[in-house]
$ cat model.txt   # compact mmCIF, C-alpha atoms
# COMPACT_ATOMS: atom_id res chain seq x y z
CA MET F 1 133.64 -1.30 -54.24
CA ARG F 2 136.39 0.31 -52.18
CA LYS F 3 135.29 1.92 -48.97
CA TYR F 4 136.62 5.38 -48.24
CA PRO F 5 138.53 6.08 -45.05
CA PHE F 6 136.23 6.92 -42.16
CA VAL F 7 137.68 9.85 -40.20
CA LEU F 8 137.15 9.85 -36.45
CA SER F 9 138.01 12.35 -33.78
CA TRP F 10 140.15 11.19 -30.86
CA LEU F 11 137.01 11.19 -28.70
CA VAL F 12 135.24 8.79 -31.03
CA ILE F 13 138.28 6.54 -31.18
CA VAL F 14 138.36 6.36 -27.40
CA ALA F 15 134.65 5.59 -27.35
CA LEU F 16 135.20 2.83 -29.89
CA VAL F 17 137.88 1.18 -27.79
CA LEU F 18 135.93 1.47 -24.53
CA GLY F 19 132.67 0.37 -26.13
CA ALA F 20 133.98 -2.56 -28.17
CA CYS F 21 132.82 -5.21 -25.73
CA SER F 22 129.44 -3.67 -25.03
CA ASN F 23 128.67 -3.33 -28.75
CA ALA F 24 128.78 -7.04 -29.41
CA GLY F 25 125.60 -8.34 -30.97
CA THR F 26 124.16 -4.99 -32.05
CA SER F 27 125.16 -5.07 -35.70
CA GLY F 28 122.71 -5.51 -38.57
CA GLU F 29 122.11 -9.04 -39.81
CA SER F 30 123.00 -9.77 -43.43
CA THR F 31 119.94 -11.90 -44.16
CA ASP F 32 116.24 -11.80 -43.49
CA GLU F 33 116.19 -15.23 -41.86
CA PRO F 34 114.34 -15.34 -38.53
CA SER F 35 116.29 -15.97 -35.35
CA GLY F 36 116.40 -19.32 -33.61
CA ASP F 37 113.09 -18.68 -31.84
CA GLY F 38 111.38 -18.01 -35.17
CA LYS F 39 111.01 -14.26 -34.68
CA ILE F 40 112.30 -11.51 -36.93
CA LYS F 41 114.46 -9.27 -34.76
CA ILE F 42 115.18 -5.64 -35.61
CA ASN F 43 117.96 -3.78 -33.82
CA LEU F 44 116.98 -0.09 -33.58
CA MET F 45 119.26 2.65 -32.24
CA HIS F 46 118.11 6.25 -32.16
CA ARG F 47 118.09 9.43 -30.12
CA TYR F 48 114.41 9.60 -29.19
CA MET F 49 113.81 9.21 -25.48
CA ASP F 50 110.85 8.03 -23.41
CA ALA F 51 111.69 10.83 -20.97
CA ASN F 52 110.90 13.38 -23.71
CA ILE F 53 107.40 12.13 -24.51
CA GLY F 54 105.02 15.05 -24.06
CA LYS F 55 107.90 17.53 -24.14
CA SER F 56 109.35 17.03 -27.63
CA PRO F 57 106.97 16.66 -30.61
CA GLU F 58 109.49 14.48 -32.44
CA ASP F 59 110.07 12.08 -29.54
CA THR F 60 106.34 11.94 -28.84
CA ALA F 61 105.36 11.08 -32.42
CA VAL F 62 108.21 8.69 -33.25
CA LEU F 63 107.85 6.67 -30.05
CA ASP F 64 104.08 6.55 -30.45
CA GLY F 65 104.66 5.04 -33.90
CA LEU F 66 107.06 2.51 -32.42
CA LYS F 67 104.50 1.58 -29.74
CA ARG F 68 101.78 1.10 -32.36
CA PHE F 69 104.07 -1.09 -34.45
CA LYS F 70 104.85 -3.33 -31.47
CA GLN F 71 101.12 -3.70 -30.75
CA ASP F 72 100.24 -4.51 -34.36
CA TYR F 73 103.22 -6.83 -35.00
CA PRO F 74 103.89 -8.70 -31.75
CA GLU F 75 105.64 -11.46 -33.70
CA ILE F 76 108.48 -9.03 -34.60
CA GLU F 77 110.95 -8.28 -31.82
CA ILE F 78 112.36 -4.76 -31.62
CA ILE F 79 115.64 -4.48 -29.74
CA GLU F 80 115.67 -0.76 -29.05
CA GLU F 81 118.51 1.40 -27.77
CA GLN F 82 117.76 5.02 -26.88
CA GLN F 83 120.66 7.48 -26.65
CA GLN F 84 120.95 11.14 -25.72
CA ASN F 85 121.99 13.30 -28.69
CA GLU F 86 125.69 13.68 -27.85
CA ASP F 87 126.03 10.06 -26.71
CA TYR F 88 124.33 8.90 -29.89
CA SER F 89 126.72 10.87 -32.07
CA ILE F 90 129.77 9.33 -30.43
CA LYS F 91 128.48 5.77 -30.39
CA ALA F 92 127.04 5.81 -33.91
CA GLN F 93 130.30 7.02 -35.43
CA SER F 94 132.22 4.43 -33.41
CA LEU F 95 129.99 1.61 -34.63
CA ALA F 96 130.18 2.89 -38.20
CA ALA F 97 133.99 2.86 -38.06
CA ALA F 98 133.86 -0.74 -36.83
CA ASP F 99 131.31 -1.74 -39.50
CA ASP F 100 129.02 -2.79 -36.65
CA MET F 101 125.89 -0.68 -37.09
CA PRO F 102 122.46 -1.93 -35.97
CA ASP F 103 119.71 -2.68 -38.46
CA VAL F 104 118.04 0.75 -38.24
CA PHE F 105 119.67 3.93 -37.01
CA ILE F 106 119.63 7.72 -37.19
CA VAL F 107 121.83 9.57 -39.70
CA PRO F 108 122.01 13.39 -39.63
CA GLY F 109 122.01 14.83 -43.13
CA SER F 110 125.55 16.12 -42.63
CA TRP F 111 126.77 12.52 -42.18
CA MET F 112 124.99 11.09 -45.19
CA THR F 113 127.71 11.49 -47.80
CA ASN F 114 130.27 9.78 -45.56
CA PHE F 115 127.88 6.94 -44.76
CA VAL F 116 127.00 6.46 -48.43
CA ASN F 117 130.65 6.50 -49.53
CA ASN F 118 131.48 3.93 -46.87
CA GLU F 119 128.59 1.67 -47.94
CA ILE F 120 127.05 1.78 -44.46
CA VAL F 121 123.49 2.62 -45.56
CA LEU F 122 121.11 0.83 -47.89
CA PRO F 123 119.47 2.54 -50.90
CA LEU F 124 115.71 2.35 -50.38
CA ASN F 125 114.31 3.36 -53.78
CA GLU F 126 113.01 -0.09 -54.67
CA GLU F 127 111.30 -0.50 -51.33
CA LEU F 128 109.75 2.98 -51.49
CA ASP F 129 108.56 2.34 -55.05
CA LYS F 130 106.57 -0.62 -53.69
CA ARG F 131 104.83 1.84 -51.37
CA PRO F 132 104.09 4.91 -53.60
CA GLU F 133 101.36 6.37 -51.36
CA TRP F 134 103.76 6.47 -48.42
CA ARG F 135 106.73 7.59 -50.55
CA ASP F 136 104.85 10.48 -52.13
CA GLY F 137 103.52 11.79 -48.82
CA TYR F 138 106.75 13.52 -47.77
CA ARG F 139 106.88 17.27 -48.14
CA PRO F 140 108.84 18.61 -51.14
CA GLY F 141 112.56 18.70 -50.46
CA THR F 142 112.51 16.68 -47.25
CA LEU F 143 114.07 13.62 -48.89
CA ASP F 144 116.85 15.68 -50.47
CA ALA F 145 119.50 15.63 -47.71
CA GLY F 146 119.03 11.85 -47.46
CA THR F 147 119.47 11.35 -51.22
CA ARG F 148 122.69 10.95 -53.18
CA GLU F 149 122.84 10.64 -56.98
CA GLY F 150 119.13 9.86 -57.13
CA LYS F 151 119.27 7.11 -54.50
CA VAL F 152 117.32 7.55 -51.27
CA TYR F 153 119.30 6.43 -48.23
CA GLY F 154 117.27 8.04 -45.46
CA ILE F 155 113.65 8.44 -44.39
CA PRO F 156 113.08 11.93 -42.92
CA ILE F 157 111.44 12.49 -39.57
CA ALA F 158 110.83 16.19 -38.90
CA ALA F 159 111.32 19.26 -41.03
CA GLY F 160 110.60 22.95 -40.83
CA PRO F 161 112.63 26.14 -40.79
CA THR F 162 115.74 26.65 -38.71
CA HIS F 163 115.12 30.38 -39.10
CA LEU F 164 112.02 31.80 -37.44
CA ILE F 165 111.78 34.90 -35.28
CA TYR F 166 110.05 34.58 -31.93
CA TYR F 167 109.32 38.10 -30.68
CA ASN F 168 107.60 39.85 -27.81
CA ALA F 169 104.82 41.85 -29.48
CA LYS F 170 104.35 44.17 -26.51
CA MET F 171 108.03 45.17 -26.48
CA PHE F 172 107.88 46.07 -30.17
CA ALA F 173 104.58 47.90 -29.74
CA ASP F 174 106.16 49.95 -26.95
CA VAL F 175 108.74 51.28 -29.44
CA GLY F 176 106.18 51.97 -32.16
CA TYR F 177 105.89 48.70 -34.08
CA GLU F 178 102.51 46.96 -33.92
CA GLN F 179 103.93 44.23 -36.17
CA PHE F 180 107.43 42.92 -36.58
CA PRO F 181 109.49 45.36 -38.71
CA LYS F 182 109.04 44.78 -42.43
CA THR F 183 112.32 46.32 -43.66
CA TRP F 184 115.92 46.30 -42.46
CA GLU F 185 115.69 50.04 -41.88
CA GLU F 186 112.73 49.53 -39.57
CA LEU F 187 114.48 46.63 -37.83
CA MET F 188 117.55 48.72 -37.06
CA ASP F 189 115.32 51.58 -35.89
CA ALA F 190 113.52 49.20 -33.53
CA GLY F 191 116.89 47.93 -32.34
CA LYS F 192 118.02 51.44 -31.43
CA LYS F 193 114.82 52.25 -29.57
CA LEU F 194 115.00 48.99 -27.64
CA ALA F 195 118.67 49.59 -26.83
CA ASP F 196 117.74 52.97 -25.40
CA LYS F 197 115.49 51.08 -22.98
CA GLY F 198 118.29 48.64 -22.06
CA ILE F 199 116.81 45.78 -24.10
CA ASN F 200 118.64 43.74 -26.75
CA LEU F 201 116.89 43.41 -30.09
CA PHE F 202 117.87 39.72 -30.30
CA SER F 203 119.37 37.30 -27.84
CA TYR F 204 122.02 35.19 -29.55
CA GLY F 205 124.00 32.16 -28.33
CA ASP F 206 126.67 30.43 -30.42
CA LYS F 207 128.91 28.84 -27.79
CA ALA F 208 128.73 25.39 -29.40
CA LYS F 209 129.36 26.79 -32.91
CA GLY F 210 126.72 26.02 -35.49
CA TYR F 211 123.80 28.18 -34.40
CA ALA F 212 124.93 31.10 -36.57
CA LEU F 213 125.32 28.96 -39.67
CA SER F 214 122.09 27.00 -39.24
CA SER F 215 119.70 29.70 -38.06
CA TRP F 216 121.16 32.92 -39.50
CA ILE F 217 123.71 32.52 -42.31
CA SER F 218 121.80 29.88 -44.30
CA ALA F 219 118.70 32.07 -44.52
CA LEU F 220 120.32 35.49 -44.88
CA THR F 221 122.64 34.26 -47.61
CA ASP F 222 119.72 32.94 -49.64
CA ARG F 223 117.85 36.22 -49.14
CA SER F 224 120.92 38.02 -50.49
CA THR F 225 122.18 35.67 -53.21
CA GLY F 226 119.18 33.58 -54.22
CA PRO F 227 119.27 29.77 -54.34
CA GLU F 228 121.29 29.69 -57.57
CA TRP F 229 124.38 30.83 -55.67
CA THR F 230 124.09 27.95 -53.22
CA GLU F 231 123.67 25.41 -56.01
CA SER F 232 126.70 26.83 -57.80
CA ILE F 233 128.79 26.53 -54.62
CA LEU F 234 127.71 22.90 -54.18
CA GLU F 235 128.45 22.11 -57.82
CA GLY F 236 131.72 24.05 -57.92
CA SER F 237 130.45 25.90 -60.97
CA GLY F 238 131.67 29.44 -60.40
CA ALA F 239 130.13 31.04 -57.32
CA ALA F 240 132.52 32.11 -54.57
CA PHE F 241 132.30 32.98 -50.90
CA THR F 242 133.98 36.28 -51.78
CA ASP F 243 130.98 37.28 -53.90
CA PRO F 244 129.49 40.58 -52.68
CA ALA F 245 126.10 39.06 -51.92
CA PHE F 246 127.56 36.54 -49.44
CA ILE F 247 129.61 39.27 -47.78
CA LYS F 248 126.44 41.35 -47.51
CA ALA F 249 124.66 38.55 -45.65
CA ILE F 250 127.50 38.33 -43.13
CA SER F 251 127.59 42.12 -42.86
CA ILE F 252 123.96 42.19 -41.75
CA MET F 253 124.88 40.05 -38.73
CA SER F 254 128.03 42.10 -38.11
CA ASP F 255 126.02 45.32 -38.17
CA LEU F 256 123.60 44.00 -35.55
CA SER F 257 126.50 43.11 -33.29
CA GLU F 258 128.45 46.34 -33.82
CA SER F 259 125.32 48.38 -33.15
CA GLY F 260 124.98 46.74 -29.74
CA TYR F 261 121.66 45.12 -30.54
CA LEU F 262 122.77 41.65 -29.38
CA ASN F 263 123.94 40.42 -25.99
CA LYS F 264 127.69 40.95 -25.57
CA ASP F 265 128.30 37.36 -24.42
CA MET F 266 126.89 35.99 -27.68
CA ASN F 267 129.83 33.63 -28.35
CA SER F 268 130.03 32.27 -24.82
CA ILE F 269 126.41 31.28 -24.10
CA ASP F 270 124.49 28.30 -25.45
CA GLY F 271 121.05 28.10 -26.99
CA ASP F 272 119.33 27.43 -23.69
CA THR F 273 120.76 30.58 -22.14
CA MET F 274 119.89 32.55 -25.26
CA VAL F 275 116.24 31.56 -24.85
CA THR F 276 116.38 32.25 -21.12
CA TYR F 277 117.42 35.83 -21.90
CA TYR F 278 114.22 36.13 -23.94
CA PHE F 279 112.16 34.64 -21.13
CA GLU F 280 113.73 37.19 -18.75
CA GLU F 281 112.85 40.01 -21.20
CA ARG F 282 116.49 40.98 -21.65
CA SER F 283 115.81 40.69 -25.38
CA ALA F 284 112.75 41.38 -27.50
CA ALA F 285 113.30 38.47 -29.88
CA PHE F 286 115.44 35.50 -30.80
CA VAL F 287 115.99 33.47 -33.96
CA SER F 288 115.55 29.71 -33.87
CA GLY F 289 113.73 26.80 -35.48
CA ILE F 290 110.22 25.48 -35.01
CA TRP F 291 111.41 23.36 -32.08
CA SER F 292 111.56 26.47 -29.90
CA ALA F 293 107.81 27.01 -30.07
CA MET F 294 107.03 24.30 -27.53
CA ASN F 295 109.91 25.42 -25.35
CA ILE F 296 108.17 28.79 -25.07
CA VAL F 297 104.78 27.19 -24.45
CA ASN F 298 106.10 24.87 -21.75
CA ASN F 299 108.74 27.00 -20.04
CA ALA F 300 108.32 30.75 -20.60
CA PRO F 301 106.64 32.97 -18.00
CA GLU F 302 102.97 33.34 -18.84
CA ALA F 303 103.34 37.04 -19.63
CA VAL F 304 106.06 36.29 -22.18
CA THR F 305 104.20 33.36 -23.71
CA ASN F 306 101.05 35.45 -24.13
CA GLU F 307 102.96 38.18 -25.97
CA THR F 308 105.08 35.91 -28.20
CA LYS F 309 104.40 36.03 -31.94
CA VAL F 310 106.25 34.43 -34.85
CA ALA F 311 107.66 36.21 -37.91
CA VAL F 312 110.30 35.85 -40.60
CA PHE F 313 113.11 38.24 -41.41
CA PRO F 314 112.42 41.24 -43.64
CA PRO F 315 113.80 41.21 -47.18
CA VAL F 316 117.44 42.10 -47.78
CA ASP F 317 117.72 45.34 -49.76
CA GLY F 318 118.60 44.40 -53.32
CA GLY F 319 118.50 40.70 -52.44
CA LYS F 320 117.99 38.11 -55.17
CA GLY F 321 116.27 35.53 -52.96
CA ASN F 322 112.64 35.02 -52.01
CA PRO F 323 111.90 37.50 -49.20
CA LEU F 324 109.77 34.87 -47.45
CA SER F 325 112.32 32.08 -47.67
CA SER F 326 113.68 30.33 -44.62
CA SER F 327 116.46 27.79 -44.32
CA GLY F 328 114.74 24.52 -43.61
CA GLY F 329 113.95 20.99 -44.58
CA ALA F 330 114.67 17.68 -42.92
CA GLY F 331 117.94 17.32 -41.07
CA VAL F 332 117.73 13.86 -39.50
CA TYR F 333 116.93 10.53 -41.15
CA TYR F 334 116.31 6.91 -40.35
CA SER F 335 118.62 4.71 -42.42
CA VAL F 336 118.95 0.96 -42.86
CA ASN F 337 122.11 -1.12 -42.55
CA ALA F 338 123.55 -1.84 -46.01
CA ASP F 339 123.87 -5.55 -45.13
CA ILE F 340 120.09 -6.04 -44.90
CA GLN F 341 118.82 -8.00 -47.88
CA SER F 342 115.43 -7.99 -49.58
CA GLY F 343 112.90 -10.18 -47.87
CA ALA F 344 110.76 -10.42 -44.77
CA LYS F 345 113.12 -8.54 -42.49
CA LEU F 346 113.49 -5.58 -44.84
CA ASP F 347 109.71 -5.54 -45.36
CA ALA F 348 109.28 -5.37 -41.59
CA ILE F 349 111.83 -2.55 -41.32
CA MET F 350 110.07 -0.48 -43.98
CA THR F 351 106.75 -0.97 -42.22
CA LEU F 352 108.39 0.14 -38.96
CA LEU F 353 109.71 3.30 -40.65
CA ASP F 354 106.24 4.03 -42.00
CA TYR F 355 104.80 3.74 -38.50
CA MET F 356 107.45 6.05 -37.01
CA THR F 357 107.53 8.71 -39.74
CA GLY F 358 104.42 8.29 -41.92
CA SER F 359 100.90 9.69 -41.87
CA GLU F 360 99.72 8.81 -38.34
CA SER F 361 103.00 9.83 -36.76
CA ALA F 362 103.00 13.05 -38.78
CA LYS F 363 99.48 13.97 -37.70
CA LEU F 364 100.38 13.44 -34.03
CA MET F 365 103.60 15.44 -34.40
CA ALA F 366 101.69 18.36 -35.89
CA GLU F 367 99.03 18.22 -33.17
CA VAL F 368 101.64 18.44 -30.40
CA GLY F 369 103.53 21.34 -31.95
CA GLY F 370 106.05 19.82 -34.36
CA PHE F 371 106.54 20.10 -38.10
CA PRO F 372 106.75 16.59 -39.61
CA ALA F 373 108.59 15.78 -42.81
CA TYR F 374 105.53 13.82 -43.91
CA ASP F 375 102.57 16.04 -44.84
CA PRO F 376 99.95 15.41 -42.13
CA GLY F 377 97.10 16.79 -44.19
CA GLU F 378 94.21 18.06 -42.09
CA PHE F 379 94.80 17.84 -38.35
CA ASP F 380 93.22 19.26 -35.22
CA SER F 381 95.02 22.61 -35.02
CA ALA F 382 92.74 23.61 -32.14
CA LYS F 383 94.97 21.48 -29.92
CA LEU F 384 97.90 23.82 -30.58
CA HIS F 385 98.85 26.75 -28.42
CA PRO F 386 98.80 30.01 -30.45
CA VAL F 387 102.62 30.20 -30.36
CA ALA F 388 102.93 26.66 -31.73
CA LEU F 389 100.25 27.32 -34.34
CA GLY F 390 102.01 30.51 -35.40
CA ALA F 391 105.29 28.63 -35.80
CA TYR F 392 103.56 25.88 -37.79
CA GLU F 393 101.84 28.34 -40.11
CA ALA F 394 105.05 30.31 -40.66
CA SER F 395 106.87 27.07 -41.40
CA ALA F 396 104.25 25.90 -43.87
CA ALA F 397 104.24 29.28 -45.66
CA ALA F 398 108.02 29.60 -45.93
CA ASP F 399 109.92 28.68 -49.07
CA ALA F 400 112.46 26.23 -47.64
CA THR F 401 116.05 26.76 -48.73
CA LYS F 402 119.09 24.65 -47.93
CA ILE F 403 120.48 24.51 -44.40
CA PHE F 404 124.18 25.02 -45.10
CA ASP F 405 125.54 22.79 -42.35
CA LEU F 406 123.63 19.85 -43.88
CA TRP F 407 124.95 20.45 -47.38
CA PHE F 408 128.39 22.06 -47.25
CA ASP F 409 131.49 19.94 -46.80
CA ALA F 410 132.58 19.60 -43.17
CA SER F 411 135.77 21.55 -43.89
CA ILE F 412 133.75 24.56 -45.05
CA VAL F 413 131.33 24.28 -42.14
CA GLU F 414 134.19 24.33 -39.65
CA VAL F 415 135.74 27.46 -41.16
CA ILE F 416 132.42 29.33 -41.24
CA ASN F 417 131.55 28.31 -37.69
CA THR F 418 134.91 29.58 -36.44
CA GLU F 419 135.17 32.72 -38.55
CA ILE F 420 131.67 33.99 -37.79
CA GLN F 421 132.52 34.08 -34.10
CA SER F 422 135.46 36.36 -34.87
CA VAL F 423 133.24 38.57 -37.01
CA MET F 424 130.58 38.83 -34.33
CA ALA F 425 133.25 39.66 -31.75
CA GLY F 426 134.57 42.42 -34.00
CA SER F 427 138.05 40.96 -34.45
CA LYS F 428 137.54 40.18 -38.16
CA THR F 429 135.59 41.78 -40.97
CA PRO F 430 133.02 40.00 -43.15
CA GLU F 431 135.49 40.39 -46.04
CA GLN F 432 138.22 38.60 -44.09
CA MET F 433 135.81 35.80 -43.19
CA ALA F 434 134.83 35.48 -46.84
CA LYS F 435 138.48 35.16 -47.90
CA GLU F 436 139.20 32.46 -45.31
CA THR F 437 136.11 30.51 -46.33
CA GLN F 438 136.98 30.82 -50.02
CA LYS F 439 140.49 29.56 -49.32
CA ALA F 440 139.07 26.43 -47.67
CA TYR F 441 136.60 26.04 -50.52
CA GLU F 442 139.32 26.22 -53.18
CA THR F 443 141.32 23.60 -51.26
CA LEU F 444 138.27 21.36 -51.31
CA LEU F 445 137.73 21.88 -55.04
CA SER F 446 141.38 21.04 -55.78
CA LYS F 447 141.08 17.57 -54.26
CA PRO F 448 140.83 14.75 -56.78
$ encode --input "model.txt" --output "structure tokens"
Amino acid sequence: MRKYPFVLSWLVIVALVLGACSNAGTSGESTDEPSGDGKIKINLMHRYMDANIGKSPEDTAVLDGLKRFKQDYPEIEIIEEQQQNEDYSIKAQSLAAADDMPDVFIVPGSWMTNFVNNEIVLPLNEELDKRPEWRDGYRPGTLDAGTREGKVYGIPIAAGPTHLIYYNAKMFADVGYEQFPKTWEELMDAGKKLADKGINLFSYGDKAKGYALSSWISALTDRSTGPEWTESILEGSGAAFTDPAFIKAISIMSDLSESGYLNKDMNSIDGDTMVTYYFEERSAAFVSGIWSAMNIVNNAPEAVTNETKVAVFPPVDGGKGNPLSSSGGAGVYYSVNADIQSGAKLDAIMTLLDYMTGSESAKLMAEVGGFPAYDPGEFDSAKLHPVALGAYEASAAADATKIFDLWFDASIVEVINTEIQSVMAGSKTPEQMAKETQKAYETLLSKP
């Protein structure tokens, strides 16, 4: 089968050239034969770091699973390479372009189509079917972004909403709201009262582009349009970005900005600074995913931590979507090199993936404040800080809808990420953004 061209940025190309020598010997082996010393060797490259154990629920749980596997299977050698997120992205795309991937590696959901089209990843249906108890333990929808045309190419790690509201309950109580506002009218009223006190309703940071799409637009669009609109966009079956419901979702964000309820430097600060503004009580709330719960627990001033509660956005007036929905699901997957054949080595790899993402790993991830893709069942929730427990419960209760940056074509994602910054800055209207996005979408649809 013909492989499709693999598009690389100039940065990745440079990394490929500079890293060519150092990458030697890291590629996946095409057979399951043991090495010369009789051991099965598995090359594993991922972005989970020993330095993050105890700080990140994902790193803690995944690396605990890896440790347990090494203890239980000492006859199998794991050649592990840990990379920081940005470094991993560059190196993984470089190795993929050179057809030199390790045996097991991380694939973000947004890469999956490219990796499948280029025959880089192995379909795992047959292997999962041999292990139905493990296969069926993943939460509904978490396998979706790792699946193409019914074939599973990725094993999910963590899940949960990208769209939760962390808010300071005392600040809202001080302006008359004992609970987070339940309607948009109440939310805007709270925003005005907070602004009168010199406090932003939300802190917001989209310097890197992507925060708005992942944590705001994906959820607000579904609240406005319902999931059928998203499916129609993905299928090219009639929905358009110029539809009034999509424009309404963008208008909600525009209204918050125009009303002065967000920090003015919203497009020039990153997510860390956005959260710092909340810690400093410059804002009464911020929108993020479940990962921010432990950041609050570990790093916020005690007074802020004690007052932090978790909520979801109020319904959109006239919206067609579930008012309790939240964009979410699994966004990162473990995949297997397409050159790995059935046999002892693949069996060992699947067992390794079970250890790193399955039931025991999931239970630990939940107990340290994460939201695993695998359903942990009953776990000791008493170990969780109230903020982490609130985020977990809100995540479990939410109806997960698609995270757009994991599903939309990269060309559409780039236009939305760029245009929303102009809208939030007031230099473009939601209608103009919708037209630009639709133009890119029609170009995509016209391709053979």
$ residues_near_point --input "model.txt" --point "(124.9, 33.8, -44.5)" --cutoff "8 Å" --atoms "only C-alpha atoms" --output "list in words"
Leu213, Trp216, Ile217, Ser218, Ala219, Leu220, Thr221, Asp222, Phe246, Ile247, Ala249 and Ile250 of chain F
$ write_last_selection --input "model.txt" --atoms "C-alpha atoms" --output "PDB file, keeping the file's coordinate frame"
ATOM      1  CA  LEU F 213     125.320  28.960 -39.670  1.00  0.00           C
ATOM      2  CA  TRP F 216     121.160  32.920 -39.500  1.00  0.00           C
ATOM      3  CA  ILE F 217     123.710  32.520 -42.310  1.00  0.00           C
ATOM      4  CA  SER F 218     121.800  29.880 -44.300  1.00  0.00           C
ATOM      5  CA  ALA F 219     118.700  32.070 -44.520  1.00  0.00           C
ATOM      6  CA  LEU F 220     120.320  35.490 -44.880  1.00  0.00           C
ATOM      7  CA  THR F 221     122.640  34.260 -47.610  1.00  0.00           C
ATOM      8  CA  ASP F 222     119.720  32.940 -49.640  1.00  0.00           C
ATOM      9  CA  PHE F 246     127.560  36.540 -49.440  1.00  0.00           C
ATOM     10  CA  ILE F 247     129.610  39.270 -47.780  1.00  0.00           C
ATOM     11  CA  ALA F 249     124.660  38.550 -45.650  1.00  0.00           C
ATOM     12  CA  ILE F 250     127.500  38.330 -43.130  1.00  0.00           C
TER      13      ILE F 250
END
$ closest_atom_pairs --input "model.txt" --of "region 146-171 of chain F" --to "region 396-406 of chain F" --cutoff "9 Å" --atoms "all atoms listed in the file" --output "JSON lines"
{"residue": "F:Gly160", "atom": "CA", "partner": "F:Ala396", "partner_atom": "CA", "distance": 7.6}
{"residue": "F:Pro161", "atom": "CA", "partner": "F:Ala400", "partner_atom": "CA", "distance": 6.9}
{"residue": "F:Thr162", "atom": "CA", "partner": "F:Ile403", "partner_atom": "CA", "distance": 7.7}
$ residues_around --input "model.txt" --residues "region 37-50 of chain F" --least-positions-apart "6" --cutoff "10 Å" --atoms "all atoms listed in the file" --output "NGL selection string"
:F and (25-29 or 56 or 58-64 or 74-89 or 91-92 or 101-107 or 334 or 336 or 344-346 or 348-349 or 352)
$ residues_around --input "model.txt" --residues "Ser215 (chain F)" --least-positions-apart "3" --cutoff "6 Å" --atoms "only C-alpha atoms" --output "ChimeraX atom specification"
/F:162-163,211-212,288
$ closest_residue --input "model.txt" --among "F:Glu436, F:Glu149, F:Asp189, F:Glu280" --to "Val423 (chain F)" --atoms "all atoms listed in the file"
F:Glu436
$ residues_near_point --input "model.txt" --point "(110.5, 40.6, -36.4)" --cutoff "6 Å" --atoms "only C-alpha atoms" --output "PyMOL selection string"
chain F and resi 165+180-181+311
$ closest_residue --input "model.txt" --among "F:Asp272, F:Asp144, F:Glu307, F:Asp99" --to "Ala173 (chain F)" --atoms "all atoms listed in the file"
F:Glu307
$ closest_residue --input "model.txt" --among "F:Glu127, F:Ser259, F:Ser361, F:Ala300" --to "Gly343 (chain F)" --atoms "all atoms listed in the file"
F:Glu127
$ closest_residue --input "model.txt" --among "F:Trp184, F:Tyr177, F:Tyr166, F:Tyr333" --to "Val275 (chain F)" --atoms "all atoms listed in the file"
F:Tyr166
$ atom_distance --input "model.txt" --atom1 "CA of Ser359 (chain F)" --atom2 "CA of Pro372 (chain F)"
9.3 Å
$ atom_distance --input "model.txt" --atom1 "CA of Ser395 (chain F)" --atom2 "CA of Asp409 (chain F)"
26.2 Å
$ axis_aligned_box --input "model.txt" --around "region 152-157 of chain F" --padding-each-side "3 Å" --output "lines of an AutoDock Vina configuration file"
center_x = 115.4
center_y = 9.5
center_z = -45.4
size_x = 13.9
size_y = 12.1
size_z = 17.7
$ atom_distance --input "model.txt" --atom1 "CA of Leu201 (chain F)" --atom2 "CA of Pro314 (chain F)"
14.4 Å
